[in-house]
Structure formats: structure tokens, C-alpha cells
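Encoded as C-alpha cells, the structure appears first; notes follow it.
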Amino acid sequence: MNARPRIGVLALQGDFREHIASLTELGADVVPLRRPEEIDALDGVVIPGGESSVMDKLSRTFGVAEPLSAAIRDGLPAYGTCAGMIMLSARIAAGIPGQQTLGVLDTTVRRNAFGSQNDSFETDIPMPALGEAPVHAVFIRAPVVEQHGDGVEVLGALADGQVVAVQQGTVLASAFHPEVAGEDRFHRRFLDLVRSA
């Protein structure tokens, strides 16, 4: 891999522009991912926040879902935020009928766990794996991890114990939006995973 890892940000729906900006600022070569044939050229992939059910439908319509899931299972590092966390998860609670996922993260994730857009909130969460300073987390119609397998490392949880950030191998996921808060440590950790892979 060259010095600038090539990262695809799934750009079918959601806040993909913010991720492209964050990763570009950190020195990655970032491209919008919309077609299955673009996957092979990538060193890593980011699945942004948005509406998980719409993203699921579009990713299947555009033929991206199956090859992307296969590539991640094969070791392509991935990072999902909010709806992206739902897309990566193996199981969804409160999904819409027929909603599917990429099924690459051994978690059960509850959709809209905190309620509607009006129930959005921000909070600081201690995450020792990402450094001493707490992570400023912005939750917008966010999911929560209800269950996870033994291979899943919990990176962050709310004060009440609800799990909101996890990692399993080269798959990273957060229920909140670091790209909205100007918090770059998740993107840095993701790029470290890409470089190690």
C-alpha cells in the first residue's frame, strides 16, 4: 500500500461528505464508493450515518452490499458510524421489515435506541483505548449495542452501561458521529487498522 491509504466512503446516502473531509485531512486518499467494481481498489471502507434502511436498500440495488460484505469478511478494514454501525452489525433489533445488514460484526444493534431526532444529545465518554481525554460524542437518532460476541471489544459505553463503540478485528463501529464533533481519534484508529492490515 502507498503512503496514502485509499479509503472508500459509501456514498449512497447519509453524511458521507463529512467523513471524506475528515479522512482527507488525516492524509488518506478518499473516494466516494457507489459501485461494486470500486471495492477492489480500496484499502479500507467507511459506512457513514444516515438512514440504515434506505442505505440497506440502495446498497443492494446498486449491487454493493454482497461484495462489500465479502471484502470485509476477507479482511478489508471497515468503520461504521450510527447507521453504519447498524449496517455492519450481524443482527438488528427494531429494524424495518425485510431490513438486512452486511453481517460482519458480531453484535445485536437496536435502531433509534434513544428516540427521534428531537432526542439527539451530546456527551463526553471516557474511552481509555483512544487516549486520556474523553471522546465528545454526538448522538443523532442513534443505535445502541444490545449484545455482542466474545470477540468484540467494547471501546466506549454511556454512564448507564449502554455500549456505543466497539471493535472486532479490523471492524470499528460507533453509535455516534465523531465526524460531526470534529473528533478525529476514531478516524485515526481506523487508518491505523488500515495501515496494519
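By order of appearance in the C-alpha cells: chains A, B, ..., then residues from 1 within every chain, and ligands from 1 in the order shown.
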
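Excluding A:Glu122 and any residue on its chain fewer than 6 positions from it, the residues at most 9 Å away by only C-alpha atoms are A:His136, A:Ala137, A:Val138, A:Phe139, A:Ile140, A:Phe176.
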
Selection near stretch 156-165 of chain A, 10 Å with only C-alpha atoms, sequence-local residues under 3 positions removed, as a VMD selection string = chain A and resid 80 to 82 85 109 123 to 130 134 to 135 137 139 142 to 148 153 172 to 176 186

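Relative to atom CA of A:Leu68, atom CA of A:Thr101 is found at 10.9 Å.
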
12 Å contact set for A:Gln168, only C-alpha atoms, chain neighbours under 3 positions out, as a list in words = Ile72, Arg73, Gly75, Pro77, Ala78, Tyr79, Leu88, Ser89, Val104, Leu105, Asp106, Thr107, His148, Gly149, Asp150, Gly151, Val152, Glu153, Val154, Leu155, Ala165, Val171, Leu172, Ala173, Ser174, Phe190 and Leu193 of chain A

task = Go through A:Leu102, A:Val194, A:Val46, A:Val9 one by one, measure the shortest atom-to-atom distance of each to A:Pro67 using only C-alpha atoms, and give the residue with the smallest value.
result = A:Leu102

request  = Please identify all polymer residues within 9 Å of A:Pro5, counting only C-alpha atoms, omitting same-chain residues fewer than 5 positions from it, and present them as number ranges by chain.
outcome  = A: 27-30, 42-44, 191, 194-195

Save the residues we just selected, C-alpha atoms, as a compact mmCIF listing (two decimals), in the first residue's frame?
# COMPACT_ATOMS: atom_id res chain seq x y z
CA GLY A 27 -3.79 12.26 4.78
CA ALA A 28 -5.85 9.48 3.22
CA ASP A 29 -6.76 9.28 -0.47
CA VAL A 30 -10.56 9.21 -0.15
CA LEU A 42 -9.73 0.11 -1.63
CA ASP A 43 -7.53 -0.31 1.46
CA GLY A 44 -10.47 0.40 3.81
CA LEU A 191 -6.39 4.47 9.49
CA VAL A 194 -5.80 0.03 7.55
CA ARG A 195 -2.03 0.51 7.69

inquiry  = I'd like the interatomic distance between atom CA of A:Ser120 and atom CA of A:His177, to a tenth of an Å.
reply    = 11.3 Å

DSSP helix (DSSP H, G or I) selection over stretch 16-197 of chain A, as an MDAnalysis selection string = chainID A and resid 16:25 36:41 52:61 65:73 83:88 117:119 128:130 178:181 185:196

Keeping only C-alpha atoms, take the residues you just selected and write them out as a PDB file, in the first residue's frame.
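Produced file part-v4.pdb, reproduced below:
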ATOM      1  CA  PHE A  16     -20.518  10.742   3.611  1.00  0.00           C
ATOM      2  CA  ARG A  17     -19.086  14.216   2.772  1.00  0.00           C
ATOM      3  CA  GLU A  18     -18.095  14.811   6.414  1.00  0.00           C
ATOM      4  CA  HIS A  19     -16.193  11.503   6.517  1.00  0.00           C
ATOM      5  CA  ILE A  20     -14.476  12.277   3.229  1.00  0.00           C
ATOM      6  CA  ALA A  21     -13.353  15.646   4.665  1.00  0.00           C
ATOM      7  CA  SER A  22     -12.157  14.103   7.993  1.00  0.00           C
ATOM      8  CA  LEU A  23     -10.149  11.341   6.324  1.00  0.00           C
ATOM      9  CA  THR A  24      -8.672  13.632   3.653  1.00  0.00           C
ATOM     10  CA  GLU A  25      -7.474  15.938   6.419  1.00  0.00           C
ATOM     11  CA  PRO A  36     -19.183  -2.862  -6.662  1.00  0.00           C
ATOM     12  CA  GLU A  37     -16.244  -2.666  -9.087  1.00  0.00           C
ATOM     13  CA  GLU A  38     -14.714   0.149  -6.974  1.00  0.00           C
ATOM     14  CA  ILE A  39     -14.247  -2.099  -3.902  1.00  0.00           C
ATOM     15  CA  ASP A  40     -11.144  -3.986  -5.108  1.00  0.00           C
ATOM     16  CA  ALA A  41      -9.071  -0.791  -5.286  1.00  0.00           C
ATOM     17  CA  SER A  52     -29.930   2.488   7.735  1.00  0.00           C
ATOM     18  CA  SER A  53     -32.991   1.039   5.997  1.00  0.00           C
ATOM     19  CA  VAL A  54     -32.526   3.323   2.954  1.00  0.00           C
ATOM     20  CA  MET A  55     -28.784   2.602   2.887  1.00  0.00           C
ATOM     21  CA  ASP A  56     -29.521  -1.138   3.005  1.00  0.00           C
ATOM     22  CA  LYS A  57     -31.975  -0.906   0.069  1.00  0.00           C
ATOM     23  CA  LEU A  58     -29.660   1.271  -2.030  1.00  0.00           C
ATOM     24  CA  SER A  59     -26.588  -0.868  -1.348  1.00  0.00           C
ATOM     25  CA  ARG A  60     -28.495  -3.911  -2.583  1.00  0.00           C
ATOM     26  CA  THR A  61     -29.996  -2.048  -5.563  1.00  0.00           C
ATOM     27  CA  ALA A  65     -23.861  -4.978  -0.361  1.00  0.00           C
ATOM     28  CA  GLU A  66     -22.740  -8.534  -1.155  1.00  0.00           C
ATOM     29  CA  PRO A  67     -19.225  -7.793  -2.491  1.00  0.00           C
ATOM     30  CA  LEU A  68     -18.640  -5.277   0.311  1.00  0.00           C
ATOM     31  CA  SER A  69     -19.655  -7.790   2.980  1.00  0.00           C
ATOM     32  CA  ALA A  70     -17.364 -10.400   1.359  1.00  0.00           C
ATOM     33  CA  ALA A  71     -14.437  -7.939   1.205  1.00  0.00           C
ATOM     34  CA  ILE A  72     -14.817  -7.002   4.898  1.00  0.00           C
ATOM     35  CA  ARG A  73     -15.010 -10.693   5.869  1.00  0.00           C
ATOM     36  CA  ALA A  83     -26.425   3.879  10.577  1.00  0.00           C
ATOM     37  CA  GLY A  84     -23.035   2.477   9.517  1.00  0.00           C
ATOM     38  CA  MET A  85     -22.855   0.588  12.824  1.00  0.00           C
ATOM     39  CA  ILE A  86     -26.265  -0.927  12.039  1.00  0.00           C
ATOM     40  CA  MET A  87     -25.124  -1.834   8.506  1.00  0.00           C
ATOM     41  CA  LEU A  88     -22.044  -3.664   9.859  1.00  0.00           C
ATOM     42  CA  GLN A 117     -34.293  13.432  16.005  1.00  0.00           C
ATOM     43  CA  ASN A 118     -35.585  15.613  18.888  1.00  0.00           C
ATOM     44  CA  ASP A 119     -33.938  13.255  21.377  1.00  0.00           C
ATOM     45  CA  PRO A 128      -9.102   4.792  27.500  1.00  0.00           C
ATOM     46  CA  ALA A 129      -8.244   2.917  24.272  1.00  0.00           C
ATOM     47  CA  LEU A 130      -8.380   6.248  22.424  1.00  0.00           C
ATOM     48  CA  PRO A 178     -17.170  11.816  15.531  1.00  0.00           C
ATOM     49  CA  GLU A 179     -17.071  13.476  12.098  1.00  0.00           C
ATOM     50  CA  VAL A 180     -19.722  15.972  13.252  1.00  0.00           C
ATOM     51  CA  ALA A 181     -17.958  16.786  16.549  1.00  0.00           C
ATOM     52  CA  ARG A 185      -9.409   9.790  17.064  1.00  0.00           C
ATOM     53  CA  PHE A 186     -11.785   7.183  15.595  1.00  0.00           C
ATOM     54  CA  HIS A 187     -10.678   8.040  12.077  1.00  0.00           C
ATOM     55  CA  ARG A 188      -7.031   7.892  13.214  1.00  0.00           C
ATOM     56  CA  ARG A 189      -7.612   4.477  14.830  1.00  0.00           C
ATOM     57  CA  PHE A 190      -9.329   3.285  11.649  1.00  0.00           C
ATOM     58  CA  LEU A 191      -6.389   4.467   9.494  1.00  0.00           C
ATOM     59  CA  ASP A 192      -4.001   2.666  11.878  1.00  0.00           C
ATOM     60  CA  LEU A 193      -6.020  -0.532  11.307  1.00  0.00           C
ATOM     61  CA  VAL A 194      -5.804   0.034   7.550  1.00  0.00           C
ATOM     62  CA  ARG A 195      -2.029   0.507   7.691  1.00  0.00           C
ATOM     63  CA  SER A 196      -1.545  -2.607   9.875  1.00  0.00           C
TER      64      SER A 196
END

key: Residues of stretch 35-161 of chain A in strand (DSSP E or B), written as a ChimeraX atom specification   = /A:44-47,78-81,89-93,105-110,121-125,135-139,144-148,153-157

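Residues with any atom within 7 Å of A:Pro32, counting only C-alpha atoms and excluding same-chain neighbours fewer than 4 positions away, are Gly8, Val9, Leu10 and Ala11 of chain A.
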
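For the pair atom CA of A:Gly182 and atom CA of A:Thr108, the interatomic distance is 27.6 Å.
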